[in-house]
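To be precise, the following lines are model.txt, and they hold compact mmCIF, C-alpha atoms.
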# COMPACT_ATOMS: atom_id res chain seq x y z
CA LEU A 121 0.02 -16.27 3.18
CA PRO A 122 0.04 -15.14 -0.46
CA LEU A 123 -2.46 -16.84 -2.74
CA SER A 124 -1.37 -19.48 -5.22
CA LEU A 125 -1.27 -18.45 -8.88
CA VAL A 126 -3.37 -21.55 -9.57
CA GLU A 127 -6.90 -20.12 -9.62
CA SER A 128 -8.55 -23.42 -8.68
CA LYS A 129 -6.86 -23.23 -5.28
CA SER A 130 -8.98 -20.29 -4.17
CA SER A 131 -12.55 -19.02 -4.44
CA LEU A 132 -13.99 -15.55 -4.99
CA TYR A 133 -17.02 -14.71 -2.87
CA SER A 134 -19.72 -12.55 -4.41
CA CYS A 135 -20.81 -11.07 -1.08
CA CYS A 136 -17.58 -9.17 -0.41
CA SER A 137 -15.43 -9.72 -3.52
CA LYS A 138 -12.74 -11.37 -1.44
CA VAL A 139 -10.62 -14.20 -2.81
CA ILE A 140 -10.22 -16.86 -0.12
CA CYS A 141 -7.76 -19.76 -0.31
CA ASN A 142 -9.25 -23.25 -0.18
CA GLY A 143 -7.42 -23.93 3.07
CA CYS A 144 -9.40 -21.17 4.78
CA VAL A 145 -12.60 -22.32 3.09
CA LEU A 146 -12.06 -25.82 4.46
CA ALA A 147 -11.28 -24.53 7.96
CA ASN A 148 -14.43 -22.41 7.85
CA ASP A 149 -16.53 -25.38 6.70
CA GLU A 150 -15.18 -27.56 9.50
CA LEU A 151 -15.89 -24.87 12.11
CA GLN A 152 -19.46 -24.41 10.86
CA GLU A 153 -20.08 -28.14 10.92
CA LYS A 154 -18.66 -28.47 14.43
CA GLU A 155 -20.70 -25.60 15.83
CA GLU A 156 -23.75 -26.38 13.69
CA ILE A 157 -24.03 -22.88 12.31
CA ARG A 158 -25.18 -21.71 8.90
CA ASP A 159 -22.88 -21.70 5.89
CA SER A 160 -21.31 -18.27 5.63
CA CYS A 161 -18.48 -16.41 3.95
CA PRO A 162 -15.12 -17.00 5.68
CA PHE A 163 -14.38 -13.26 5.46
CA CYS A 164 -17.55 -11.20 5.94
CA ARG A 165 -19.71 -13.95 7.52
CA GLU A 166 -22.67 -13.22 5.26
CA GLU A 167 -24.84 -16.24 4.54
CA LEU A 168 -23.80 -18.01 1.34
CA SER A 169 -25.90 -17.70 -1.78
CA SER A 170 -27.95 -20.77 -2.64
CA THR A 171 -28.38 -19.86 -6.33
CA GLN A 172 -26.34 -18.17 -9.02
CA LYS A 173 -29.06 -15.54 -9.34
CA GLU A 174 -28.61 -14.58 -5.71
CA ALA A 175 -24.82 -14.49 -6.10
CA ASP A 176 -25.21 -12.22 -9.13
CA ARG A 177 -27.43 -9.90 -7.12
CA LYS A 178 -24.70 -9.59 -4.51
CA THR A 179 -22.12 -8.91 -7.21
CA MET A 180 -24.26 -6.11 -8.62
CA LYS A 181 -24.47 -4.56 -5.15
CA ARG A 182 -20.68 -4.52 -5.07
CA ILE A 183 -20.59 -2.98 -8.54
CA GLU A 184 -22.93 -0.21 -7.38
CA VAL A 185 -20.31 0.87 -4.84
CA ASN A 186 -17.52 0.64 -7.45
CA ASP A 187 -15.84 -2.46 -6.09
CA PRO A 188 -12.97 -3.00 -8.58
CA VAL A 189 -12.93 -6.79 -8.21
CA ALA A 190 -16.68 -7.04 -8.82
CA LEU A 191 -16.33 -4.79 -11.86
CA ARG A 192 -13.54 -6.97 -13.21
CA GLN A 193 -15.50 -10.16 -12.61
CA TRP A 194 -18.61 -8.79 -14.30
CA GLY A 195 -16.38 -7.93 -17.23
CA TYR A 196 -15.41 -11.60 -17.43
CA ARG A 197 -19.09 -12.54 -17.37
CA ARG A 198 -19.93 -10.17 -20.20
CA TYR A 199 -16.95 -11.36 -22.22
CA SER A 200 -17.94 -15.02 -21.80
CA GLU A 201 -21.41 -14.11 -23.05
CA GLY A 202 -19.94 -12.54 -26.17
CA ASP A 203 -20.56 -8.92 -25.15
CA HIS A 204 -16.99 -7.72 -25.55
CA ARG A 205 -17.89 -4.03 -25.63
CA SER A 206 -19.60 -4.23 -22.24
CA ALA A 207 -16.70 -6.27 -20.86
CA PHE A 208 -14.29 -3.57 -22.01
CA GLU A 209 -16.36 -0.91 -20.22
CA TYR A 210 -16.37 -2.83 -16.94
CA TRP A 211 -12.63 -3.48 -17.16
CA THR A 212 -12.01 0.20 -17.88
CA ARG A 213 -13.91 1.17 -14.74
CA ALA A 214 -12.00 -1.41 -12.69
CA ALA A 215 -8.62 -0.35 -14.11
CA LYS A 216 -9.29 3.27 -13.16
CA LEU A 217 -9.61 1.99 -9.60
CA GLY A 218 -6.24 0.23 -9.86
CA GLU A 219 -7.39 -3.34 -10.53
CA VAL A 220 -4.36 -5.03 -12.14
CA ASP A 221 -6.22 -7.93 -13.77
CA ALA A 222 -8.46 -5.38 -15.48
CA HIS A 223 -5.38 -3.60 -16.83
CA TYR A 224 -4.19 -6.92 -18.22
CA GLU A 225 -7.52 -7.58 -19.93
CA LEU A 226 -7.55 -4.08 -21.42
CA SER A 227 -4.07 -4.74 -22.79
CA HIS A 228 -5.40 -7.84 -24.51
CA SER A 229 -8.39 -5.89 -25.85
CA TYR A 230 -6.11 -3.32 -27.46
CA LYS A 231 -3.87 -6.07 -28.81
CA GLU A 232 -6.75 -7.91 -30.47
CA GLY A 233 -8.94 -4.90 -31.28
CA THR A 234 -11.95 -6.21 -29.33
CA GLY A 235 -14.52 -4.45 -27.19
CA GLY A 236 -15.27 -1.80 -29.77
CA VAL A 237 -11.71 -0.45 -29.89
CA GLU A 238 -9.10 -0.47 -32.62
CA LYS A 239 -5.79 -2.24 -32.20
CA ASP A 240 -3.45 0.16 -30.41
CA LYS A 241 0.08 -0.94 -29.55
CA LYS A 242 0.76 2.07 -27.34
CA LYS A 243 -2.34 1.51 -25.21
CA GLU A 244 -1.72 -2.25 -25.20
CA LEU A 245 1.72 -1.74 -23.68
CA HIS A 246 0.50 0.97 -21.31
CA HIS A 247 -2.03 -1.34 -19.68
CA LEU A 248 0.40 -4.24 -19.75
CA GLU A 249 2.97 -2.13 -17.92
CA GLN A 250 0.38 -0.96 -15.37
CA ALA A 251 -0.56 -4.57 -14.66
CA ALA A 252 3.09 -5.58 -14.31
CA ILE A 253 3.84 -2.66 -11.98
CA GLY A 254 0.87 -3.75 -9.88
CA GLY A 255 2.40 -7.21 -9.43
CA HIS A 256 0.62 -9.18 -12.18
CA PRO A 257 2.99 -12.13 -12.90
CA LYS A 258 1.68 -12.95 -16.38
CA ALA A 259 1.81 -9.30 -17.45
CA ARG A 260 5.45 -9.16 -16.36
CA TYR A 261 6.13 -12.36 -18.31
CA VAL A 262 4.42 -11.02 -21.44
CA LEU A 263 6.47 -7.83 -21.20
CA GLY A 264 9.56 -10.02 -21.19
CA CYS A 265 8.31 -11.76 -24.34
CA VAL A 266 7.57 -8.43 -26.03
CA GLU A 267 11.04 -7.10 -25.25
CA GLY A 268 12.54 -10.33 -26.56
CA GLU A 269 10.61 -10.04 -29.81
CA ASN A 270 12.01 -6.52 -30.17
CA CYS A 271 15.56 -7.83 -29.58
CA ARG A 272 15.91 -5.95 -26.30
CA TYR A 273 17.23 -9.03 -24.60
CA ASP A 274 18.64 -7.41 -21.48
CA ARG A 275 15.26 -5.85 -20.63
CA SER A 276 13.52 -9.08 -21.56
CA THR A 277 15.65 -11.09 -19.15
CA LYS A 278 15.01 -8.63 -16.32
CA HIS A 279 11.26 -8.92 -16.80
CA LEU A 280 11.45 -12.72 -16.88
CA ILE A 281 13.50 -12.83 -13.68
CA ILE A 282 10.94 -10.63 -11.92
CA ALA A 283 8.12 -12.88 -13.15
CA ALA A 284 10.01 -15.96 -11.96
CA ASN A 285 10.45 -14.39 -8.54
CA LEU A 286 6.67 -13.91 -8.45
CA GLY A 287 6.25 -17.65 -8.90
CA TYR A 288 5.32 -17.68 -12.59
CA ASP A 289 6.27 -21.08 -14.04
CA ASP A 290 6.46 -20.07 -17.73
CA ALA A 291 9.04 -17.40 -16.90
CA VAL A 292 11.33 -20.07 -15.47
CA LYS A 293 10.86 -22.23 -18.55
CA LEU A 294 11.74 -19.35 -20.88
CA LEU A 295 14.75 -18.34 -18.82
CA LYS A 296 16.06 -21.89 -19.09
CA SER A 297 15.22 -22.58 -22.73
CA THR A 298 16.07 -19.20 -24.21
CA SER A 299 17.82 -16.68 -21.97
CA TYR A 300 20.31 -19.13 -20.49
CA ALA A 301 20.75 -21.07 -23.72
CA MET A 302 21.57 -17.83 -25.57
CA GLY A 303 23.99 -16.70 -22.87
CA LEU A 304 21.77 -13.79 -21.84
CA VAL A 305 21.68 -14.81 -18.19
CA SER A 306 24.53 -16.22 -16.15
CA LYS A 307 24.42 -19.55 -14.37
CA GLU A 308 24.45 -17.72 -11.05
CA ASP A 309 21.59 -15.38 -11.98
CA LEU A 310 19.54 -18.30 -13.30
CA ALA A 311 20.12 -20.21 -10.06
CA SER A 312 19.05 -17.14 -8.10
CA ALA A 313 15.86 -16.83 -10.19
CA LEU A 314 15.09 -20.52 -9.63
CA ARG A 315 15.50 -20.09 -5.87
CA GLY A 316 13.28 -17.02 -5.96
CA HIS A 317 10.65 -18.90 -7.91
CA GLN A 318 10.66 -21.84 -5.52
CA ALA A 319 10.47 -19.51 -2.52
CA ALA A 320 7.42 -17.79 -4.03
CA VAL A 321 5.72 -21.13 -4.64
CA ASP A 322 6.59 -22.45 -1.16
CA ALA A 323 5.22 -19.27 0.43
CA THR A 324 1.74 -20.20 -0.81
CA LYS A 325 1.75 -23.62 0.86
CA SER A 326 0.38 -24.68 4.24
CA PRO A 327 -0.91 -27.91 5.82
CA GLN A 328 -4.47 -26.55 5.61
CA ARG A 329 -4.13 -25.80 1.91
CA GLU A 330 -2.66 -29.22 1.24
CA ALA A 331 -5.59 -30.84 3.07
CA ALA A 332 -7.98 -28.82 0.92
CA GLU A 333 -6.50 -30.28 -2.27
CA ALA A 334 -8.65 -33.39 -1.86
CA VAL A 335 -11.89 -31.46 -1.27
CA ASP A 336 -14.44 -30.48 -3.94
CA PHE A 337 -15.32 -26.81 -3.52
CA GLY A 338 -17.78 -26.71 -6.38
CA ARG A 339 -20.56 -25.43 -4.11
CA VAL A 340 -18.77 -22.17 -3.32
CA PRO A 341 -20.68 -19.37 -5.10
CA ASN A 342 -18.25 -17.36 -7.14
CA ALA A 343 -18.97 -13.90 -8.48
CA VAL A 344 -18.97 -15.32 -12.00
CA GLU A 345 -19.52 -18.86 -13.25

In structure tokens, write the structure found in this file.
Amino acid sequence: LPLSLVESKSSLYSCCSKVICNGCVLANDELQEKEEIRDSCPFCREELSSTQKEADRKTMKRIEVNDPVALRQWGYRRYSEGDHRSAFEYWTRAAKLGEVDAHYELSHSYKEGTGGVEKDKKKELHHLEQAAIGGHPKARYVLGCVEGENCRYDRSTKHLIIAANLGYDDAVKLLKSTSYAMGLVSKEDLASALRGHQAAVDATKSPQREAAEAVDFGRVPNAVE
């Protein structure tokens, strides 16, 4: 099943840089409890970290082998600590390995002029486009907004429809409030986008994931906290 766009419904494990849905985390927990075995990662089966320091050590091991997800996550850590230049460097390394979230963050860096770089519209759009091509829903949505601001409404609507079909809620809202209201999208095309959006959302659901909604997964050691 595809992962939900709601980040709280999944966890990233520092041992293998895999993002696991909460439904699988819950199933793994129940299996471990039943068989009285140690807490381990649902994917690689490595024993879970008991401290953030240990989780960070595992993340650094992934970074040493150029794991793009670990590089991206360490960029988030550096950014949250105020070291925007270092964050930019980690995201650049991750983006070169095709990490779409890193492309999106680099786009934002060039938009705001952070991380030791000047504002650069061309590079901002380049990384935004790379993220969108890689399937990043928010990047596709932002491209739609950019095209709308530049009065290229046909291209804007196409981007928003793609984002809606990826399950991005804000794209649906904008299609309804702006594109449809301005006559830029037909009733039939809007209905098709709404069906596509609902199908994308439904595809992320399962009984196991619904059961996990009531469980606190705060103990899961993420790559970055």

Which is closer to Ile140 (chain A) than all the others in A:His279, A:Leu121, A:Lys293, A:Ile157, using only C-alpha atoms? A:Leu121

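Between CA of Val185 (chain A) and CA of Val220 (chain A) the separation is 18.5 Å.
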
Give the answer as one residue: which of A:Cys144, A:Val139, A:Leu286, A:Ala319 has the shortest atom-to-atom distance to Glu333 (chain A), using all atoms listed in the file? A:Cys144

Two-atom distance - CA of Ser137 (chain A), CA of Met180 (chain A) (Å): 10.8 Å

Using only C-alpha atoms for the distances, tell me which of A:Ser128, A:Gln250, A:Asn142, A:Gln328 is nearest to Gly218 (chain A).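 Of all the options, A:Gln250 lies closest to Gly218 (chain A).
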
Using all atoms listed in the file, which residues sit within 12 Å of Ala190 (chain A) once same-chain residues fewer than 2 positions away are excluded, as a VMD selection string? chain A and resid 132 to 139 175 to 188 192 to 197 210 to 211 213 to 215 217 219 221 to 222 342 to 344

For CA of Ile281 (chain A) and CA of Leu263 (chain A), determine how far apart the two atoms are, in Å to one decimal place.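 Those two atoms sit 11.4 Å apart.
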
So, counting all atoms listed in the file, which residue among A:Arg205, A:Leu146, A:Ser131, A:Cys271 is closest to Arg329 (chain A)?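 Of A:Arg205, A:Leu146, A:Ser131, A:Cys271, the one nearest Arg329 (chain A), counting all atoms listed in the file, is A:Leu146.
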
Residue nearest Thr298 (chain A) - candidates A:Ala332, A:Val126, A:Ser276, A:Pro257, atoms counted: only C-alpha atoms: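 For Thr298 (chain A), the nearest of the candidates is A:Ser276.
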
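Once Ala291 (chain A) and its same-chain neighbours fewer than 5 positions away are set aside, A:Pro257, A:Lys258, A:Arg260, A:Tyr261, A:Val262, A:Gly264, A:Cys265, A:Thr277, A:His279, A:Leu280, A:Ile281, A:Ile282, A:Ala283, A:Ala284, A:Asn285, A:Leu286, A:Lys296, A:Ser297, A:Ala313, A:Leu314, A:His317 remain within 10 Å of it when counting only C-alpha atoms.
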